[in-house]
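Data first, discussion second: the structure below is written as structure tokens.
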Amino acid sequence: QVQLVESGGGLVQPGESLRLSCAASGFTFSTYSMSWVRQAPGQGLEWVSEINTGGENTYYEDSVKGRFTISRDNAKNTLYLQMNSLKPEDTGVYYCAKLRTITALWGKGTLVTVSS
């Protein structure tokens, strides 16, 4: 079955860290660039980060640069997002997505809540 399944979200306090994971199945994970996209409560989708097929090239939205790190393990078909120094404005549902393709593929998302 072709799918992306995110995990690792939760409730943390400002300044803390979380590591999100995204397990891919049903397609050749290593041949696609992958992205993280988030949606804050009541807001639209916001692209967060992207990584190329081999993991050598990474890209970030300005507000997360220096705090978030995207990575991948092609042997495990898994995408990661290490999130440090979390802020309340990072709160939202985080989606793993395969976007650079004719048919985009999205996971169901994992909720991250940053609150004191």
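So you can find residues: chains in the structure tokens are A, B, ... in the order shown, residues in each start at 1, and ligands are numbered from 1 in order.
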
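The shell of residues at most 8 Å from region 93-98 of chain A, with only C-alpha atoms counted and near chain neighbours (fewer than 6 positions) removed, consists of Leu4, Val5, Glu6, Cys22, Tyr32, Ser33, Met34, Ser35, Trp36, Val37, Arg38, Gln39, Ala40, Leu79, Ala104, Leu105, Trp106, Gly107, Lys108, Gly109, Thr110, Leu111 and Val112 of chain A.
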
Quick one: DSSP strand (DSSP E or B) residues in chain A, as a count of residues only? 58

Of A:Ser49, A:Asn74, A:Asn84, A:Gln13, the one sitting nearest Asp62 (chain A) when using only C-alpha atoms is A:Ser49

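In terms of minimum interatomic distance to Val2 (chain A), A:Ser25 ranks closest within A:Ser17, A:Thr58, A:Ser25, A:Thr91, counting only C-alpha atoms.
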
message: Report, in Å to a single decimal, how far apart CA of Arg72 (chain A) and CA of Ala24 (chain A) are.
response: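 One can read the CA of Ala24 (chain A) to CA of Arg72 (chain A) distance as 10.8 Å.
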
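Excluding Lys65 (chain A) itself and same-chain residues fewer than 2 positions from it, the residues having an atom within 12 Å of it are Val48, Ser49, Glu50, Thr58, Tyr59, Tyr60, Glu61, Asp62, Ser63, Arg67, Phe68, Thr69, Ile70, Gln82, Met83, Asn84, Ser85 and Leu86 of chain A, counting only C-alpha atoms.
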
Using N, CA and C atoms, can you export the residues from the last selection as a short mmCIF file (atom, residue, chain, number, x, y, z; two decimals), in the first residue's frame?
```cif
data_model
loop_
_atom_site.label_atom_id
_atom_site.label_comp_id
_atom_site.auth_asym_id
_atom_site.auth_seq_id
_atom_site.Cartn_x
_atom_site.Cartn_y
_atom_site.Cartn_z
N VAL A 48 7.64 23.59 5.16
CA VAL A 48 8.64 23.72 6.21
C VAL A 48 10.04 23.38 5.72
N SER A 49 10.16 22.24 5.03
CA SER A 49 11.50 21.79 4.68
C SER A 49 11.41 20.75 3.58
N GLU A 50 12.54 20.60 2.86
CA GLU A 50 12.63 19.60 1.80
C GLU A 50 14.02 19.00 1.79
N THR A 58 19.37 20.15 1.48
CA THR A 58 18.22 20.41 2.34
C THR A 58 17.81 21.88 2.24
N TYR A 59 16.56 22.13 2.43
CA TYR A 59 16.00 23.47 2.29
C TYR A 59 15.01 23.71 3.43
N TYR A 60 14.97 24.97 3.90
CA TYR A 60 14.13 25.28 5.05
C TYR A 60 13.39 26.60 4.87
N GLU A 61 12.21 26.64 5.43
CA GLU A 61 11.49 27.90 5.55
C GLU A 61 12.25 28.77 6.53
N ASP A 62 12.24 30.08 6.30
CA ASP A 62 13.10 30.98 7.06
C ASP A 62 12.90 30.87 8.58
N SER A 63 11.68 30.71 9.02
CA SER A 63 11.42 30.75 10.46
C SER A 63 11.95 29.53 11.20
N ARG A 67 16.98 25.81 13.55
CA ARG A 67 16.29 25.10 14.63
C ARG A 67 15.84 23.70 14.21
N PHE A 68 15.44 23.56 12.95
CA PHE A 68 14.95 22.27 12.45
C PHE A 68 15.99 21.65 11.53
N THR A 69 16.05 20.32 11.54
CA THR A 69 16.93 19.59 10.64
C THR A 69 16.16 18.44 10.01
N ILE A 70 16.12 18.44 8.70
CA ILE A 70 15.48 17.35 7.97
C ILE A 70 16.54 16.33 7.59
N GLN A 82 14.02 16.78 12.90
CA GLN A 82 14.46 17.12 14.25
C GLN A 82 14.13 18.57 14.51
N MET A 83 13.35 18.82 15.53
CA MET A 83 12.90 20.18 15.83
C MET A 83 13.42 20.58 17.21
N ASN A 84 14.28 21.56 17.23
CA ASN A 84 14.86 22.07 18.47
C ASN A 84 14.37 23.49 18.75
N SER A 85 14.53 23.91 19.98
CA SER A 85 14.15 25.27 20.38
C SER A 85 12.74 25.61 19.91
N LEU A 86 11.83 24.73 20.18
CA LEU A 86 10.47 24.91 19.68
C LEU A 86 9.80 26.14 20.28
#
```

* Report as number ranges by chain: the residues of region 28-99 of chain A with a DSSP assignment of helix (DSSP H, G or I), based on the backbone of this structure. => A: 29-31, 62-64, 88-90

- Task: Determine the nearest neighbour of Gly15 (chain A) from the options A:Trp47, A:Ile102, A:Lys87, A:Gly66, counting only C-alpha atoms.
- Result: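 Of A:Trp47, A:Ile102, A:Lys87, A:Gly66, the one nearest Gly15 (chain A) is A:Lys87, counting only C-alpha atoms.
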
Among A:Pro14, A:Gly92, A:Pro41, A:Gly9, Ser115 (chain A) is approached most closely, using only C-alpha atoms, by A:Pro14

Residue nearest Asp90 (chain A) - candidates A:Thr28, A:Thr53, A:Ser21, A:Thr113, atoms counted: only C-alpha atoms |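 That would be A:Thr113, the residue with the smallest distance to Asp90 (chain A).
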
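Distance check against Tyr80 (chain A) using only C-alpha atoms: of A:Leu20, A:Leu99, A:Ile51, A:Val114, the minimum falls on A:Leu20.
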
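CA of Glu89 (chain A) is found 26.9 Å from CA of Gly55 (chain A).
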